[in-house]
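Data file: start_24.txt. Format and content: compact mmCIF, C-alpha atoms and all ligand atoms.
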```txt
# COMPACT_ATOMS: atom_id res chain seq x y z
CA MET A 453 -15.98 13.84 -9.34
CA ASN A 454 -16.93 16.89 -7.33
CA ASN A 455 -14.98 18.60 -4.57
CA LEU A 456 -11.67 16.83 -5.12
CA LYS A 457 -9.96 20.21 -4.99
CA LEU A 458 -6.54 18.87 -4.06
CA THR A 459 -6.59 15.17 -4.92
CA GLY A 460 -8.39 15.47 -8.26
CA ARG A 461 -6.35 15.34 -11.44
CA LYS A 462 -6.63 18.36 -13.62
CA PRO A 463 -6.22 17.96 -17.37
CA GLY A 464 -2.58 18.17 -18.37
CA GLU A 465 -1.35 17.87 -14.76
CA GLY A 466 1.41 15.33 -14.05
CA ARG A 467 1.36 12.59 -11.45
CA SER A 468 2.62 13.18 -7.90
CA VAL A 469 5.86 11.69 -6.67
CA ILE A 470 6.23 11.01 -2.94
CA GLU A 471 9.84 10.89 -1.84
CA VAL A 472 10.66 8.66 1.12
CA GLY A 473 14.28 8.13 2.12
CA GLY A 474 15.51 8.69 -1.43
CA ILE A 475 12.84 6.40 -2.94
CA ARG A 476 10.47 8.11 -5.35
CA VAL A 477 7.02 6.52 -5.10
CA GLY A 478 5.04 7.21 -8.25
CA GLU A 479 8.17 7.35 -10.38
CA GLU A 480 9.95 4.11 -9.51
CA PHE A 481 8.15 0.83 -8.83
CA VAL A 482 8.16 0.17 -5.07
CA VAL A 483 7.51 -3.07 -3.21
CA ILE A 484 6.80 -2.73 0.52
CA ALA A 485 7.17 -6.09 2.27
CA GLY A 486 7.35 -7.51 5.77
CA PRO A 487 5.32 -9.24 8.42
CA CYS A 488 1.69 -8.53 9.19
CA SER A 489 2.68 -7.95 12.83
CA VAL A 490 5.96 -7.21 14.52
CA GLU A 491 6.29 -10.14 16.95
CA THR A 492 9.94 -10.42 17.97
CA GLU A 493 13.21 -8.75 17.03
CA ASP A 494 14.50 -11.95 15.46
CA GLN A 495 11.35 -12.45 13.33
CA THR A 496 11.30 -8.83 12.15
CA VAL A 497 15.02 -8.38 11.45
CA ARG A 498 15.33 -11.73 9.66
CA THR A 499 12.27 -10.94 7.54
CA ALA A 500 13.61 -7.46 6.77
CA VAL A 501 16.98 -8.82 5.63
CA ALA A 502 15.23 -11.40 3.43
CA VAL A 503 12.79 -9.00 1.77
CA LYS A 504 15.58 -6.54 1.06
CA ALA A 505 17.66 -9.27 -0.58
CA ALA A 506 14.66 -10.12 -2.76
CA GLY A 507 14.29 -6.51 -3.94
CA ALA A 508 11.79 -4.90 -1.58
CA LYS A 509 12.46 -1.18 -1.11
CA MET A 510 10.58 -0.67 2.15
CA LEU A 511 9.75 -2.70 5.26
CA ARG A 512 6.22 -3.05 6.61
CA GLY A 513 5.16 -4.37 10.03
CA GLY A 514 2.30 -3.61 12.39
CA ALA A 515 2.97 -2.54 15.98
CA PHE A 516 -0.67 -1.53 16.45
CA LYS A 517 -3.02 -4.14 15.02
CA PRO A 518 -6.70 -3.39 14.41
CA ARG A 519 -8.13 -6.86 15.11
CA THR A 520 -11.67 -8.18 14.74
CA SER A 521 -11.57 -9.64 18.26
CA PRO A 522 -10.42 -7.67 21.30
CA TYR A 523 -8.84 -10.90 22.57
CA ALA A 524 -6.62 -11.36 19.51
CA PHE A 525 -2.99 -10.14 19.46
CA GLN A 526 -3.13 -6.34 19.38
CA GLY A 527 0.51 -5.64 18.56
CA LEU A 528 3.56 -4.77 20.64
CA GLY A 529 3.07 -0.98 20.54
CA LEU A 530 6.21 1.00 21.43
CA LYS A 531 8.26 -2.20 21.76
CA GLY A 532 7.27 -3.09 18.19
CA LEU A 533 8.27 0.35 16.91
CA LYS A 534 11.68 -0.04 18.54
CA ILE A 535 12.10 -3.40 16.81
CA LEU A 536 11.18 -1.81 13.47
CA ASP A 537 13.79 0.85 14.13
CA LYS A 538 16.38 -1.87 14.72
CA ALA A 539 15.40 -3.58 11.46
CA LYS A 540 15.69 -0.25 9.68
CA ARG A 541 19.16 0.36 11.06
CA GLU A 542 20.26 -3.16 10.01
CA THR A 543 18.87 -2.98 6.48
CA GLY A 544 18.48 0.70 5.60
CA LEU A 545 14.87 0.02 4.55
CA PRO A 546 12.38 2.80 5.31
CA VAL A 547 9.59 1.64 7.63
CA VAL A 548 5.85 1.62 6.95
CA THR A 549 3.68 1.06 10.02
CA GLU A 550 0.04 1.57 10.93
CA VAL A 551 -1.31 4.14 13.34
CA VAL A 552 -4.81 3.56 14.74
CA ASP A 553 -5.31 6.35 17.25
CA THR A 554 -5.17 10.14 16.89
CA ARG A 555 -3.25 10.37 20.18
CA ASP A 556 -0.42 8.25 18.73
CA VAL A 557 0.16 9.97 15.39
CA SER A 558 2.97 12.30 16.40
CA TRP A 559 5.09 9.84 18.37
CA VAL A 560 4.52 6.88 16.01
CA GLY A 561 5.63 9.29 13.29
CA GLU A 562 9.02 9.48 14.98
CA TYR A 563 9.57 5.79 14.15
CA ALA A 564 7.75 5.55 10.82
CA ASP A 565 8.91 6.78 7.44
CA ILE A 566 5.37 6.25 6.19
CA LEU A 567 2.31 6.15 8.45
CA GLN A 568 -0.27 3.64 7.28
CA ILE A 569 -3.96 4.29 7.80
CA GLY A 570 -5.70 0.94 7.50
CA ALA A 571 -8.93 -0.07 5.80
CA ARG A 572 -10.87 0.00 9.08
CA ASN A 573 -9.83 3.57 9.77
CA MET A 574 -10.08 4.98 6.26
CA GLN A 575 -13.01 7.19 7.25
CA ASN A 576 -11.75 8.08 10.72
CA PHE A 577 -11.78 11.78 9.94
CA SER A 578 -10.02 12.88 13.14
CA LEU A 579 -7.20 10.43 12.39
CA LEU A 580 -7.01 11.69 8.79
CA ARG A 581 -6.76 15.30 9.99
CA GLU A 582 -4.05 14.40 12.49
CA ALA A 583 -2.17 12.48 9.76
CA GLY A 584 -2.43 15.59 7.63
CA LYS A 585 -1.01 17.78 10.39
CA SER A 586 1.87 15.35 10.98
CA GLY A 587 3.36 16.17 7.58
CA LYS A 588 4.51 12.52 7.27
CA PRO A 589 3.97 10.50 4.10
CA ILE A 590 0.71 8.56 4.49
CA LEU A 591 -0.27 5.20 2.97
CA LEU A 592 -4.07 5.37 2.86
CA LYS A 593 -5.69 1.98 2.35
CA ARG A 594 -9.12 1.67 0.82
CA GLY A 595 -11.93 0.95 3.25
CA MET A 596 -13.51 -2.44 2.67
CA TYR A 597 -16.93 -0.84 2.08
CA SER A 598 -15.80 2.32 0.35
CA THR A 599 -16.31 3.75 -3.09
CA LEU A 600 -13.56 5.46 -5.02
CA GLU A 601 -15.18 8.82 -4.35
CA GLU A 602 -15.28 8.21 -0.57
CA TRP A 603 -11.66 7.02 -0.63
CA LEU A 604 -10.40 10.05 -2.54
CA ASN A 605 -12.35 12.34 -0.21
CA CYS A 606 -10.47 10.75 2.71
CA ALA A 607 -7.19 11.57 0.98
CA GLU A 608 -8.62 15.06 0.52
CA TYR A 609 -8.87 15.41 4.34
CA ILE A 610 -5.12 14.80 4.58
CA LEU A 611 -4.21 17.16 1.77
CA ALA A 612 -6.54 19.82 3.16
CA GLU A 613 -4.29 19.94 6.25
CA GLY A 614 -1.35 20.86 4.04
CA ASN A 615 0.13 17.38 3.61
CA ASP A 616 0.25 16.29 -0.02
CA GLN A 617 2.36 13.18 0.59
CA VAL A 618 -0.37 10.59 0.19
CA ILE A 619 -0.10 7.17 -1.43
CA LEU A 620 -3.29 5.19 -2.02
CA CYS A 621 -3.46 1.41 -1.58
CA GLU A 622 -6.18 -0.86 -2.97
CA ARG A 623 -6.61 -3.83 -0.60
CA GLY A 624 -9.86 -5.44 -1.66
CA ILE A 625 -13.48 -4.85 -0.80
CA ARG A 626 -16.28 -6.96 0.67
CA THR A 627 -18.50 -8.57 -1.93
CA PHE A 628 -20.79 -11.63 -1.92
CA GLU A 629 -17.78 -13.81 -2.84
CA THR A 630 -16.46 -15.78 0.11
CA TYR A 631 -13.74 -17.86 -1.58
CA THR A 632 -11.31 -14.98 -1.22
CA ARG A 633 -10.93 -12.90 1.96
CA ASN A 634 -11.80 -9.77 -0.05
CA THR A 635 -12.40 -9.03 -3.72
CA LEU A 636 -9.28 -7.28 -5.00
CA ASP A 637 -10.58 -4.46 -7.18
CA LEU A 638 -7.83 -3.92 -9.73
CA SER A 639 -10.08 -1.64 -11.73
CA MET A 640 -9.19 1.00 -9.13
CA ILE A 641 -5.71 1.33 -10.64
CA PRO A 642 -6.81 2.97 -13.91
CA ALA A 643 -9.71 4.63 -12.06
CA VAL A 644 -7.40 6.36 -9.56
CA LYS A 645 -5.05 7.32 -12.37
CA ALA A 646 -7.90 8.92 -14.27
CA GLU A 647 -9.34 10.81 -11.31
CA SER A 648 -6.30 11.68 -9.17
CA HIS A 649 -2.61 12.53 -9.40
CA LEU A 650 -1.77 10.42 -6.31
CA PRO A 651 0.25 7.18 -6.60
CA ILE A 652 -1.70 3.93 -6.33
CA MET A 653 -0.31 0.74 -4.80
CA VAL A 654 -1.94 -2.68 -4.41
CA ASP A 655 -2.00 -5.10 -1.45
CA PRO A 656 -2.84 -8.57 -2.80
CA SER A 657 -2.12 -10.17 0.61
CA HIS A 658 -5.20 -8.70 2.32
CA GLY A 659 -6.88 -8.41 -1.07
CA THR A 660 -7.08 -12.17 -1.52
CA GLY A 661 -6.04 -13.65 1.83
CA ILE A 662 -4.72 -16.70 -0.05
CA LYS A 663 -1.05 -17.36 -0.65
CA PHE A 664 -1.26 -18.85 -4.14
CA MET A 665 -3.16 -15.82 -5.43
CA ILE A 666 -0.60 -13.24 -4.35
CA GLU A 667 1.77 -13.68 -7.29
CA PRO A 668 -0.86 -13.73 -10.07
CA MET A 669 -2.68 -10.73 -8.62
CA SER A 670 0.61 -8.86 -8.19
CA LEU A 671 1.42 -9.44 -11.85
CA ALA A 672 -2.08 -8.36 -12.84
CA ALA A 673 -1.69 -5.19 -10.75
CA ILE A 674 1.58 -4.39 -12.51
CA ALA A 675 0.01 -4.97 -15.92
CA ALA A 676 -2.79 -2.58 -14.94
CA GLY A 677 -0.26 0.14 -14.03
CA ALA A 678 0.14 -0.06 -10.24
CA ASP A 679 2.91 2.11 -8.76
CA GLY A 680 3.86 -0.59 -6.28
CA LEU A 681 2.82 -3.50 -4.08
CA GLU A 682 2.46 -4.15 -0.36
CA ILE A 683 3.11 -7.82 0.47
CA GLU A 684 3.09 -9.71 3.78
CA VAL A 685 6.13 -11.91 4.40
CA HIS A 686 6.98 -13.90 7.55
CA ILE A 687 9.94 -16.16 8.32
CA ASP A 688 7.58 -18.84 9.66
CA PRO A 689 3.96 -18.16 8.60
CA PRO A 690 2.34 -21.05 10.57
CA SER A 691 3.57 -19.47 13.82
CA ALA A 692 2.44 -15.93 12.92
CA LEU A 693 0.29 -14.12 15.49
CA SER A 694 -1.90 -12.59 12.75
CA ASP A 695 -2.78 -13.38 9.11
CA LYS A 696 -0.82 -16.61 9.00
CA ASP A 697 -2.64 -17.97 5.94
CA GLN A 698 -1.65 -15.10 3.66
CA GLN A 699 1.97 -14.47 4.60
CA LEU A 700 4.64 -15.67 2.18
CA ARG A 701 7.85 -17.34 3.29
CA PRO A 702 10.96 -15.39 2.26
CA GLU A 703 11.80 -17.92 -0.46
CA GLU A 704 8.26 -17.73 -1.86
CA PHE A 705 8.51 -13.94 -1.86
CA ALA A 706 11.89 -14.06 -3.62
CA ALA A 707 10.48 -16.34 -6.34
CA MET A 708 7.54 -13.99 -6.80
CA MET A 709 9.82 -10.95 -7.00
CA LYS A 710 11.69 -12.55 -9.91
CA ARG A 711 8.44 -12.66 -11.87
CA VAL A 712 7.61 -9.13 -10.76
CA PHE A 713 10.91 -7.78 -12.09
CA GLU A 714 10.59 -9.80 -15.31
CA LEU A 715 7.19 -8.30 -16.00
CA ARG A 716 8.36 -4.79 -15.12
CA GLU A 717 11.28 -5.18 -17.55
CA PHE A 718 9.01 -6.53 -20.27
CA MET A 719 6.65 -3.59 -19.80
CA ALA A 720 9.47 -1.05 -19.80
CA GLU A 721 10.71 -2.54 -23.09
CA LYS A 722 7.25 -2.44 -24.63
CA ASN A 723 6.65 1.09 -23.36
CA GLY A 724 10.00 2.12 -24.88
CA GLU A 725 8.91 0.71 -28.23
CA ALA A 726 5.53 2.41 -27.92
CA ALA A 727 7.20 5.71 -27.04
CA LYS A 728 9.33 5.43 -30.17
CA ARG A 729 6.16 4.83 -32.20
CA GLY A 730 4.65 7.85 -30.45
CA ASP A 731 1.58 6.12 -29.06
CA LEU A 732 2.49 5.93 -25.38
CA ASP A 733 0.11 7.26 -22.73
CA ASN A 734 1.08 10.91 -22.52
CA GLY A 735 -1.51 11.93 -19.99
CA LYS A 736 -4.26 11.71 -22.57
CA GLY A 737 -4.44 7.94 -22.88
CA PRO A 738 -3.12 5.87 -25.79
CA SER A 739 -3.74 7.47 -29.16
CA GLY A 740 -7.10 6.63 -30.58
CA SER A 741 -8.60 5.94 -27.15
CA ARG A 742 -10.99 8.09 -25.17
CA ASP A 743 -9.35 10.95 -23.27
CA VAL A 744 -10.07 9.71 -19.75
CA PHE A 745 -8.95 12.98 -18.20
CA ALA A 746 -11.38 15.11 -20.14
CA ASP A 747 -14.30 13.80 -18.12
CA ALA A 748 -12.39 13.27 -14.88
CA THR A 749 -13.21 16.78 -13.73
CA ASP A 750 -16.98 16.67 -14.27
C1 LIG A 801 -2.29 -4.21 7.28
O1 LIG A 801 -1.79 -3.86 6.20
O2 LIG A 801 -1.61 -4.53 8.26
C2 LIG A 801 -3.76 -4.23 7.42
C3 LIG A 801 -4.35 -4.42 8.60
O3 LIG A 801 -4.39 -4.05 6.25
P1 LIG A 801 -5.89 -3.50 6.01
O4 LIG A 801 -6.03 -2.24 6.80
O5 LIG A 801 -5.91 -3.29 4.53
O6 LIG A 801 -6.83 -4.59 6.46
MN MN A 802 -2.21 -8.46 7.91
```
Mind converting the file's structure to structure tokens?
Amino acid sequence: MNNLKLTGRKPGEGRSVIEVGGIRVGEEFVVIAGPCSVETEDQTVRTAVAVKAAGAKMLRGGAFKPRTSPYAFQGLGLKGLKILDKAKRETGLPVVTEVVDTRDVSWVGEYADILQIGARNMQNFSLLREAGKSGKPILLKRGMYSTLEEWLNCAEYILAEGNDQVILCERGIRTFETYTRNTLDLSMIPAVKAESHLPIMVDPSHGTGIKFMIEPMSLAAIAAGADGLEIEVHIDPPSALSDKDQQLRPEEFAAMMKRVFELREFMAEKNGEAAKRGDLDNGKGPSGSRDVFADATD
């Protein structure tokens, strides 16, 4: 891919690690979990405590919600950020929250450990530049109509401002399929790894929009090499003010996390065996396979 001066992976170059509150994204597997929207202190703190107990390493929650309808719940704004801060103080979990307006980047950054740029704003170039100037770690979600090249160029906007702390997140794209909310494009995991050094996470909550698909797609994402997951969890999904059909109850999330850790352990074991045999991916792909990085810098 052309012009990916800063995000493109050069042959032999290692993968980036983004450090957030002692957590090393890209090196350790990271699950970000929490409600779609921050609604009340009780809802957010209880969810935070539950997701931490289940093994999540960061808390998510929207205080600014980009909604399809202007009449739908738009988020609590500053009040929501203060609630997230409370949940952070109670649990120690770093906070991931979305910013939707260039004018808000600097002060939202005072509450967020990671600023999320959502699918609808992926190509908001002013917002990307401002996010770059903020110097904060950025979780950049894939636009629902965007190609890999467009997505990586958006990350490039952030890096071009001197901020190399970018994590990508695949969250599904619009296709002709209507059964799922979006079509979760897991092929982006190996694609991003071939073309870029940035970490790649997966959001199966927005990617499918259907509760029973979140666990199988999470496991598939892990098998494909994802660096982490972003999952929506709510203490009482039917009462949620946004995305109530895709939010897991804490006990459902905890059950899923058991499977997640089992698969991670299984893969670590298998990778250990492969490393001993000498055929582990060493930046050139498994032995005998095509060197994906050779043609990643066309
Ligand atoms: C979200 O994560 O809160 C969200 C709105 O996701 P997306 O931007 O991927 O739709
Ligand atoms: Mn949501």
Sort by chain and increasing residue number a table of all residues of segment 601-664 of chain A within 8 Å of segment 570-575 of chain A, each with its closest pair of atoms and their distance in Å to one decimal, counting all atoms listed in the file, and write it as a tab-separated table.
```
residue	atom	partner	partner_atom	distance
A:Trp603	CA	A:Met574	CA	7.4
A:Cys606	CA	A:Gln575	CA	6.3
A:Arg623	CA	A:Ala571	CA	7.8
```
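Shortest atom-to-atom contact with Leu636 of chain A among A:Asn615, A:Ser648, A:Asn605, A:Ser657: A:Ser657, counting only C-alpha atoms.
Among A:Ala515, A:Leu567, A:Ala646, A:Ala506, the residue with the shortest atom-to-atom distance to Gln617 of chain A, counting all atoms listed in the file, is A:Leu567.
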Throw together the list of residues within 12 Å of ligand MN 802 (chain A), counting all atoms listed in the file, and drop it here as a ChimeraX atom specification.
-> /A:485-490,512-520,525-527,549-550,570-571,623,633,655-662,682-686,689,692-700
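Atom CA of Asp556 of chain A is found 25.6 Å from atom CA of Thr499 of chain A.
Residue nearest ligand LIG 801 (chain A) within the list A:Glu622, A:Asp688, A:Asp679, A:Glu703: A:Glu622 [criterion: smallest interatomic distance, all atoms listed in the file].
Minimum atom-to-atom distance to ligand LIG 801 (chain A), evaluated using all atoms listed in the file, belongs to A:Gly624 out of A:Gly466, A:Gly473, A:Gly624, A:Gly478.
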Segment 598-601 of chain A surroundings by all atoms listed in the file, 8 Å radius, close-in-sequence under 3 positions cut, as JSON, numbers by chain | {"A": [453, 594, 595, 604, 605, 625, 640, 644]}
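Nearest-residue note for Gly544 of chain A: choosing from A:Val501, A:Leu681, A:Ala524, A:Ala643, the minimum distance belongs to A:Val501, counting all atoms listed in the file.
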Nearest to ligand LIG 801 (chain A) among A:Val548, A:Met719, A:Leu611, A:Ala502, with distances taken over only C-alpha atoms and all ligand atoms: which residue is it?
-> A:Val548
N, CA and C atoms for segment 557-593 of chain A, written as a tab-separated table (two decimals), in the frame of the given file, could you do that?
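Result written to rebuild.tsv:
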```
chain	number	residue	atom	x	y	z
A	557	VAL	N	-0.40	9.60	16.70
A	557	VAL	CA	0.16	9.97	15.39
A	557	VAL	C	1.54	10.60	15.50
A	558	SER	N	1.70	11.57	16.40
A	558	SER	CA	2.97	12.30	16.40
A	558	SER	C	4.13	11.41	16.87
A	559	TRP	N	3.93	10.63	17.91
A	559	TRP	CA	5.09	9.84	18.37
A	559	TRP	C	5.33	8.59	17.52
A	560	VAL	N	4.28	8.00	16.94
A	560	VAL	CA	4.52	6.88	16.01
A	560	VAL	C	5.27	7.41	14.79
A	561	GLY	N	4.96	8.65	14.43
A	561	GLY	CA	5.63	9.29	13.29
A	561	GLY	C	7.12	9.44	13.48
A	562	GLU	N	7.58	9.39	14.74
A	562	GLU	CA	9.02	9.48	14.98
A	562	GLU	C	9.74	8.18	14.58
A	563	TYR	N	8.99	7.08	14.53
A	563	TYR	CA	9.57	5.79	14.15
A	563	TYR	C	9.27	5.41	12.70
A	564	ALA	N	8.20	5.97	12.15
A	564	ALA	CA	7.75	5.55	10.82
A	564	ALA	C	8.26	6.50	9.74
A	565	ASP	N	8.64	5.94	8.60
A	565	ASP	CA	8.91	6.78	7.44
A	565	ASP	C	7.61	7.06	6.69
A	566	ILE	N	6.71	6.06	6.73
A	566	ILE	CA	5.37	6.25	6.19
A	566	ILE	C	4.37	5.76	7.24
A	567	LEU	N	3.39	6.58	7.54
A	567	LEU	CA	2.31	6.15	8.45
A	567	LEU	C	1.21	5.51	7.61
A	568	GLN	N	0.83	4.31	7.99
A	568	GLN	CA	-0.27	3.64	7.28
A	568	GLN	C	-1.58	3.90	8.02
A	569	ILE	N	-2.60	4.25	7.25
A	569	ILE	CA	-3.96	4.29	7.80
A	569	ILE	C	-4.69	3.12	7.16
A	570	GLY	N	-5.15	2.20	7.98
A	570	GLY	CA	-5.70	0.94	7.50
A	570	GLY	C	-7.13	1.06	7.02
A	571	ALA	N	-7.59	-0.02	6.39
A	571	ALA	CA	-8.93	-0.07	5.80
A	571	ALA	C	-10.01	0.30	6.83
A	572	ARG	N	-9.83	-0.21	8.05
A	572	ARG	CA	-10.87	0.00	9.08
A	572	ARG	C	-10.93	1.44	9.56
A	573	ASN	N	-9.88	2.17	9.33
A	573	ASN	CA	-9.83	3.57	9.77
A	573	ASN	C	-9.87	4.57	8.63
A	574	MET	N	-10.16	4.07	7.41
A	574	MET	CA	-10.08	4.98	6.26
A	574	MET	C	-10.94	6.22	6.47
A	575	GLN	N	-12.12	6.04	7.06
A	575	GLN	CA	-13.01	7.19	7.25
A	575	GLN	C	-13.00	7.73	8.67
A	576	ASN	N	-11.90	7.48	9.38
A	576	ASN	CA	-11.75	8.08	10.72
A	576	ASN	C	-11.22	9.50	10.49
A	577	PHE	N	-12.15	10.44	10.41
A	577	PHE	CA	-11.78	11.78	9.94
A	577	PHE	C	-10.84	12.50	10.90
A	578	SER	N	-10.96	12.25	12.20
A	578	SER	CA	-10.02	12.88	13.14
A	578	SER	C	-8.61	12.36	12.89
A	579	LEU	N	-8.52	11.04	12.65
A	579	LEU	CA	-7.20	10.43	12.39
A	579	LEU	C	-6.62	10.98	11.08
A	580	LEU	N	-7.47	11.15	10.08
A	580	LEU	CA	-7.01	11.69	8.79
A	580	LEU	C	-6.47	13.11	8.97
A	581	ARG	N	-7.20	13.91	9.76
A	581	ARG	CA	-6.76	15.30	9.99
A	581	ARG	C	-5.42	15.33	10.72
A	582	GLU	N	-5.30	14.47	11.71
A	582	GLU	CA	-4.05	14.40	12.49
A	582	GLU	C	-2.90	13.94	11.59
A	583	ALA	N	-3.19	12.97	10.72
A	583	ALA	CA	-2.17	12.48	9.76
A	583	ALA	C	-1.77	13.62	8.83
A	584	GLY	N	-2.73	14.44	8.48
A	584	GLY	CA	-2.43	15.59	7.63
A	584	GLY	C	-1.51	16.57	8.35
A	585	LYS	N	-1.82	16.81	9.61
A	585	LYS	CA	-1.01	17.78	10.39
A	585	LYS	C	0.40	17.26	10.63
A	586	SER	N	0.56	15.93	10.67
A	586	SER	CA	1.87	15.35	10.98
A	586	SER	C	2.90	15.67	9.89
A	587	GLY	N	2.43	15.90	8.68
A	587	GLY	CA	3.36	16.17	7.58
A	587	GLY	C	4.11	14.94	7.09
A	588	LYS	N	3.82	13.76	7.68
A	588	LYS	CA	4.51	12.52	7.27
A	588	LYS	C	3.86	11.97	6.00
A	589	PRO	N	4.62	11.23	5.19
A	589	PRO	CA	3.97	10.50	4.10
A	589	PRO	C	2.95	9.50	4.66
A	590	ILE	N	1.81	9.41	4.01
A	590	ILE	CA	0.71	8.56	4.49
A	590	ILE	C	0.35	7.52	3.42
A	591	LEU	N	0.25	6.25	3.85
A	591	LEU	CA	-0.27	5.20	2.97
A	591	LEU	C	-1.73	4.99	3.38
A	592	LEU	N	-2.64	5.42	2.52
A	592	LEU	CA	-4.07	5.37	2.86
A	592	LEU	C	-4.72	4.19	2.15
A	593	LYS	N	-5.08	3.18	2.93
A	593	LYS	CA	-5.69	1.98	2.35
A	593	LYS	C	-7.18	2.21	2.12
```
